[in-house]
Amino acid sequence: MSLCLFLITIFLTYPFLSLSVSCPLNINLLHRYTPSSNSVTRCHDILQSLRILRSEYLQRTRFFSPPPNSSFSCWNNIQHFIHQYDIRSSCNITSCSTFNSCTTFTTRSQFEGYIPVSVLRPVWKTCNQSLSAPVPCTLCTNAFSDLNSYLTRRTADCNAIAFIYAASFSDLQDPGTAKCLFSFGFSSSAKSGKRRTILIVLFSILAVFLLVLGALWAYFRLRNNKKGVALDSGLDSMNQSTTLVRFTFDDIKMATRNFAADNVIGKGGYGNVYKGTLLDGSQVAFKRFKNCSVAGDASFTHEVEVIASVRHVNLVTLRGYCTATTDLEGHQRIIVTDLMENGSLFDHLVGSAKKNLSWPIRQKIALGTARGLAYLHYGAQPSIIHRDIKASNILLDHKFEAKVADFGLAKFKPEGMTHISTKVAGTMGYVAPEYALYGQLTERSDVFSFGVVLLELLSGKKALQTDHDGQPYALTDFAWSSVRNGNALDVVEDGMPEPGPPRVLEKYVLVAVLCCHPQLYARPTMDQVVKMLETDELEQQMSCVAGSIYSE
C-alpha cells in the first residue's frame with residue numbers, strides 16, 4: 001500500500017490526526033547539500049537530500065518518517081527549498097513521493113527485529129565513524145550493500161531503507177557522509193575513479209605492511225636464535241614496583257603439562273585459558289594469547305598494567321606474566337592469575353556447567369560484581385571503565401565470590417573528562433545505546449552492562465533471546481515490559497532454590513531495569529547501585545527505584 005493511501009486511511013479512521021502540526025524534520029540541513037546545477041543530476045541530488053533528512057530524523061527519534069499529520073507542514077517547508085531551483089514539475093516530486101518509502105518498517109526496532117543480527121552487525125561496526133576517508137567509506141558501503149541485497153530478496157520497494165538506516169549511525173553534518181552513502185554530486189565516472197583510488201590505496205597499504213612485517217620477522221629471527229629468549233615488553237619497570245612474577249615459558253609448559261587439552265578451562269577470541277599447578281603447589285590460571293607478534297605487545301602490556309594497578313576482593317588477582325619467543329612456538333604472551341574454581345557466571349547460567357543457583361548465591365554474585373565495578377569507577381586512580389562487562393567475564397571462586405575479569409578493552413579515564421570518545425567495542429546485548437550509536441564511553445556504559453548481567457542472573461536467560469518465529473529480541477525489552485505491566489517478578493527464574501522474599505527479588509529487578517535505562521543520566525552510578533542492593537530498608541529503596549522507572 002502506498003504511503004498516500006496509507007495517509008488517507010489514517011485520516012479517515014482518526015480525523016483528529018488530520019490537524020497539521022509543525023514539521024519535525026531538520027529542514028536547515030538541506031542547505032548543507034546544494035543540488036547540482038546540472039539538470040541531469042539535479043533531481044537525483046534533491047531526492048538524496050530528502051533521504052538525508054530522514055536519516056537525521058531516524059537518528060533523533062528512531063522513526064523512519066515523520067508523523068502523518070506533519071506531512072503537509074514538512075512538504076510546505078521542503079517545497080520552499082525546491083522552488084529555489086524550479087524543479088518540482090521536472091522531477092515529479094509531490095508531497096506523497098517526498099516521504100514514500102518501504103511502509104513495512106516505521107521504526108528502527110521493527111527494522112532491526114526483521115533483519116538478522118549477522119546482517120546488521122557489520123553496519124553498526126563500520127558506519128559509526130567518519131566516512132570521509134576512502135577505506136572507512138568502502139567498509140561501510142560494503143556492509144549496507146549486503147543489507148540492501150537482503151531487503152531486495154525479501155521485501156519490495158525498500159531500496160532506500162538500507163541507505164537511510166546506515167546513514168543514521170554517522171555524522172550527517174559531515175559532507176563526507178553524503179558523498180559516501182548517497183553519492184551526492186558525483187557522476188558514475190567519478191564513482192569509478194573513486195573505486196580505483198580506493199583500490200590503489202588499499203594495495204599500497206598492504207604492500208607497505210608486508211614489507212614491514214618481513215623486516216620485523218627477519219630482525220627478530222636473527223636476534224632470537226636461542227630457544228626461549230624473553231622479549232622486552234615494556235613491563236620490566238613494572239616488576240620493580242610490584243610483586244609481579246615474570247614466569248619463563250618452560251615453567252608454564254611444565255605447570256600445564258605442555259598446554260594439555262584437558263587443562264583448558266576457557267576459550268575466547270583472544271585464545272585459551274588453562275589451569276595449572278606451580279612448583280609451590282598453588283593452582284593458577286594461564287590466559288594464553290593467540291596470533292601474537294611484537295606489534296601486539298602494546299595491547300598485552302595494557303591489560304597487564306590495568307590488572308596490576310588495582311587490588312580488590314571482587315577483581316581478579318594478577319600473579320604474573322610471560323613474554324617469550326621460541327623457534328617452535330613463536331611469540332608467546334601469557335597472563336597468570338588466581339584460579340577461579342567455579343568458572344564463570346556464564347557457565348552456571350547457560351553454559352555446560354549450568355545449574356540452578358540458589359538466591360543467596362545469586363545475591364552474593366550480584367553484590368560482588370557491583371562492588372568490583374564501583375571500585376574501578378571510584379576507588380582506582382585514575383578511574384577505569386571496563387567496556388566488556390558480561391556473564392563470561394564474571395569469574396567465581398570456590399566460595400562463589402564474584403571476580404570481575406578480562407581487562408583487555410578497559411580504558412583509563414582522565415580526571416575531569418565527562419566521557420571518552422572511542423571506537424565501539426564490547427559484546428552485542430551488553431553495549432549501552434549511547435556508546436553503540438555515538439562512541440561516547442562513560443562509567444554509566446558499564447552500569448548498563450551490569451544491569452544486563454543482573455537481569456541474566458535473576459532470570460537465568462541470555463542477554464539476547466529468540467522468539468517463537470526465530471526473531472531476536474533483548475532481555476532488557478522483556479524486563480521493561482514486565483515492570484511497566486506491574487509484573488516485575490515475571491523476570492525471576494522459576495524454580496529458583498531458596499528463593500528470597502518477593503520484595504527483595506522485586507527490588508533487584510527494578511534496580512536491574514533502572515541500570516538498563518536507555519537514557520544515560522537516568523541510570524544510577526555503581527556506588528548508588530551498591531547502596532540500593534545491600535540496604536535493608538526495602539520499602540524506601542523500592543519506592544525510590546520504582547518511582548524513577550514508572551515516571552518515564
# chains A, B, ... in the order shown; residues from 1 in each chain; ligands from 1
call {"tool": "residues_around", "arguments": {"residues": "region 106-119 of chain A", "least_positions_apart": "5", "cutoff": "12 Å", "atoms": "only C-alpha atoms", "output": "PyMOL selection string"}}
result
chain A and resi 3+54-55+57-68+99-101+124-125+142-151+153-155+158+161-162+164-166+168-169+428-429+464-467+469-474+477
call {"tool": "write_last_selection", "arguments": {"atoms": "C-alpha atoms", "output": "compact mmCIF listing (two decimals), in the first residue's frame"}}
result
# COMPACT_ATOMS: atom_id res chain seq x y z
CA LEU A 3 2.13 5.99 1.65
CA ARG A 54 15.02 11.13 7.03
CA SER A 55 18.34 9.64 8.20
CA TYR A 57 15.19 12.12 11.80
CA LEU A 58 15.76 8.38 12.36
CA GLN A 59 18.92 9.21 14.30
CA ARG A 60 16.97 11.52 16.65
CA THR A 61 13.65 9.71 17.02
CA ARG A 62 14.09 6.05 15.87
CA PHE A 63 11.30 6.65 13.27
CA PHE A 64 11.91 6.39 9.52
CA SER A 65 9.31 9.03 8.58
CA PRO A 66 7.64 11.94 10.36
CA PRO A 67 4.09 11.53 11.70
CA PRO A 68 1.35 11.55 9.03
CA PHE A 99 8.24 10.55 2.09
CA ASN A 100 7.37 7.47 0.05
CA SER A 101 9.40 4.54 1.32
CA TRP A 124 26.90 -0.99 13.28
CA LYS A 125 30.65 -1.55 13.34
CA ASN A 142 30.02 -2.92 1.56
CA ALA A 143 28.16 -3.54 4.83
CA PHE A 144 24.93 -1.84 3.83
CA SER A 145 25.13 -3.27 0.30
CA ASP A 146 24.81 -6.70 1.92
CA LEU A 147 21.89 -5.34 3.95
CA ASN A 148 20.28 -3.87 0.82
CA SER A 149 20.58 -7.17 -1.06
CA TYR A 150 18.89 -8.93 1.87
CA LEU A 151 15.96 -6.48 1.70
CA ARG A 153 15.35 -10.56 -1.78
CA ARG A 154 12.66 -10.37 0.90
CA THR A 155 10.73 -7.11 0.52
CA CYS A 158 12.65 -0.96 0.24
CA ILE A 161 15.81 1.93 3.70
CA ALA A 162 19.33 0.43 3.87
CA ILE A 164 18.78 5.73 5.46
CA TYR A 165 19.45 3.20 8.23
CA ALA A 166 23.24 3.15 7.64
CA SER A 168 21.70 7.31 10.82
CA PHE A 169 24.82 5.95 12.52
CA MET A 428 26.18 -7.39 21.48
CA GLY A 429 23.37 -7.26 24.01
CA LEU A 464 19.78 -11.82 23.54
CA GLN A 465 16.78 -14.12 23.13
CA THR A 466 14.93 -15.58 20.14
CA ASP A 467 11.13 -15.66 19.93
CA ASP A 469 9.42 -17.06 14.99
CA GLY A 470 13.20 -17.07 15.29
CA GLN A 471 13.38 -13.28 15.62
CA PRO A 472 15.93 -11.85 18.11
CA TYR A 473 14.89 -9.63 21.00
CA ALA A 474 16.73 -8.23 24.01
CA ASP A 477 12.93 -5.28 26.47
call {"tool": "select_by_dssp", "arguments": {"residues": "region 410-535 of chain A", "states": "strand (DSSP E or B)", "output": "list of chain:residue names"}}
result
A:Lys411, A:Phe412, A:Lys413, A:Ile420, A:Ser421, A:Gln440, A:Leu441, A:Leu464, A:Gln465, A:Thr466, A:Pro472, A:Tyr473, A:Ala474
call {"tool": "write_last_selection", "arguments": {"atoms": "N, CA and C atoms", "output": "short mmCIF file (atom, residue, chain, number, x, y, z; two decimals), in the first residue's frame"}}
result
data_model
loop_
_atom_site.label_atom_id
_atom_site.label_comp_id
_atom_site.auth_asym_id
_atom_site.auth_seq_id
_atom_site.Cartn_x
_atom_site.Cartn_y
_atom_site.Cartn_z
N LYS A 411 39.58 1.04 29.68
CA LYS A 411 40.12 2.36 29.39
C LYS A 411 40.33 3.13 30.70
N PHE A 412 41.52 3.76 30.84
CA PHE A 412 41.73 4.70 31.93
C PHE A 412 41.04 6.01 31.57
N LYS A 413 40.25 6.55 32.51
CA LYS A 413 39.54 7.80 32.24
C LYS A 413 40.27 8.97 32.90
N ILE A 420 34.67 9.57 27.19
CA ILE A 420 35.76 9.27 26.26
C ILE A 420 35.14 8.91 24.93
N SER A 421 35.59 9.53 23.85
CA SER A 421 35.13 9.18 22.51
C SER A 421 36.07 8.14 21.94
N GLN A 440 30.36 7.31 22.65
CA GLN A 440 30.60 8.08 23.87
C GLN A 440 30.63 7.13 25.06
N LEU A 441 31.82 6.96 25.65
CA LEU A 441 32.03 6.00 26.72
C LEU A 441 32.11 6.70 28.06
N LEU A 464 20.53 -11.84 24.79
CA LEU A 464 19.78 -11.82 23.54
C LEU A 464 18.99 -13.10 23.42
N GLN A 465 17.68 -12.97 23.22
CA GLN A 465 16.78 -14.12 23.13
C GLN A 465 16.22 -14.24 21.71
N THR A 466 15.58 -15.36 21.43
CA THR A 466 14.93 -15.58 20.14
C THR A 466 13.49 -15.99 20.41
N PRO A 472 15.21 -12.20 16.88
CA PRO A 472 15.93 -11.85 18.11
C PRO A 472 15.25 -10.71 18.86
N TYR A 473 15.35 -10.76 20.17
CA TYR A 473 14.89 -9.63 21.00
C TYR A 473 15.76 -9.59 22.26
N ALA A 474 15.84 -8.43 22.86
CA ALA A 474 16.73 -8.23 24.01
C ALA A 474 16.02 -8.59 25.31
#
call {"tool": "closest_residue", "arguments": {"among": "A:Ala374, A:Ser449, A:Val483, A:Leu458", "to": "Val530 (chain A)", "atoms": "only C-alpha atoms"}}
result
A:Ala374
call {"tool": "atom_distance", "arguments": {"atom1": "CA of Cys74 (chain A)", "atom2": "CA of Cys43 (chain A)"}}
result
18.6 Å
call {"tool": "residues_around", "arguments": {"residues": "region 394-401 of chain A", "least_positions_apart": "3", "cutoff": "7 Å", "atoms": "only C-alpha atoms", "output": "PDB file with C-alpha atoms, in the first residue's frame"}}
result
ATOM      1  CA  MET A 340      38.647 -19.493  39.800  1.00  0.00           C
ATOM      2  CA  GLU A 341      37.408 -22.976  40.737  1.00  0.00           C
ATOM      3  CA  ASN A 342      33.776 -22.338  39.804  1.00  0.00           C
ATOM      4  CA  GLY A 343      34.462 -20.934  36.338  1.00  0.00           C
ATOM      5  CA  SER A 344      32.386 -18.040  35.013  1.00  0.00           C
ATOM      6  CA  LEU A 345      28.835 -16.891  35.694  1.00  0.00           C
ATOM      7  CA  ILE A 361      24.451 -17.330  45.817  1.00  0.00           C
ATOM      8  CA  LYS A 364      26.269 -12.707  46.581  1.00  0.00           C
ATOM      9  CA  ILE A 365      27.388 -12.660  42.937  1.00  0.00           C
ATOM     10  CA  GLY A 368      30.315  -8.736  44.471  1.00  0.00           C
ATOM     11  CA  LYS A 390      29.233  -9.686  30.584  1.00  0.00           C
ATOM     12  CA  ALA A 391      28.441 -13.016  32.258  1.00  0.00           C
ATOM     13  CA  VAL A 404      35.482  -9.088  37.502  1.00  0.00           C
ATOM     14  CA  ALA A 405      37.975 -10.256  34.851  1.00  0.00           C
TER      15      ALA A 405
END
call {"tool": "atom_distance", "arguments": {"atom1": "CA of Ile27 (chain A)", "atom2": "CA of Cys140 (chain A)"}}
result
25.7 Å
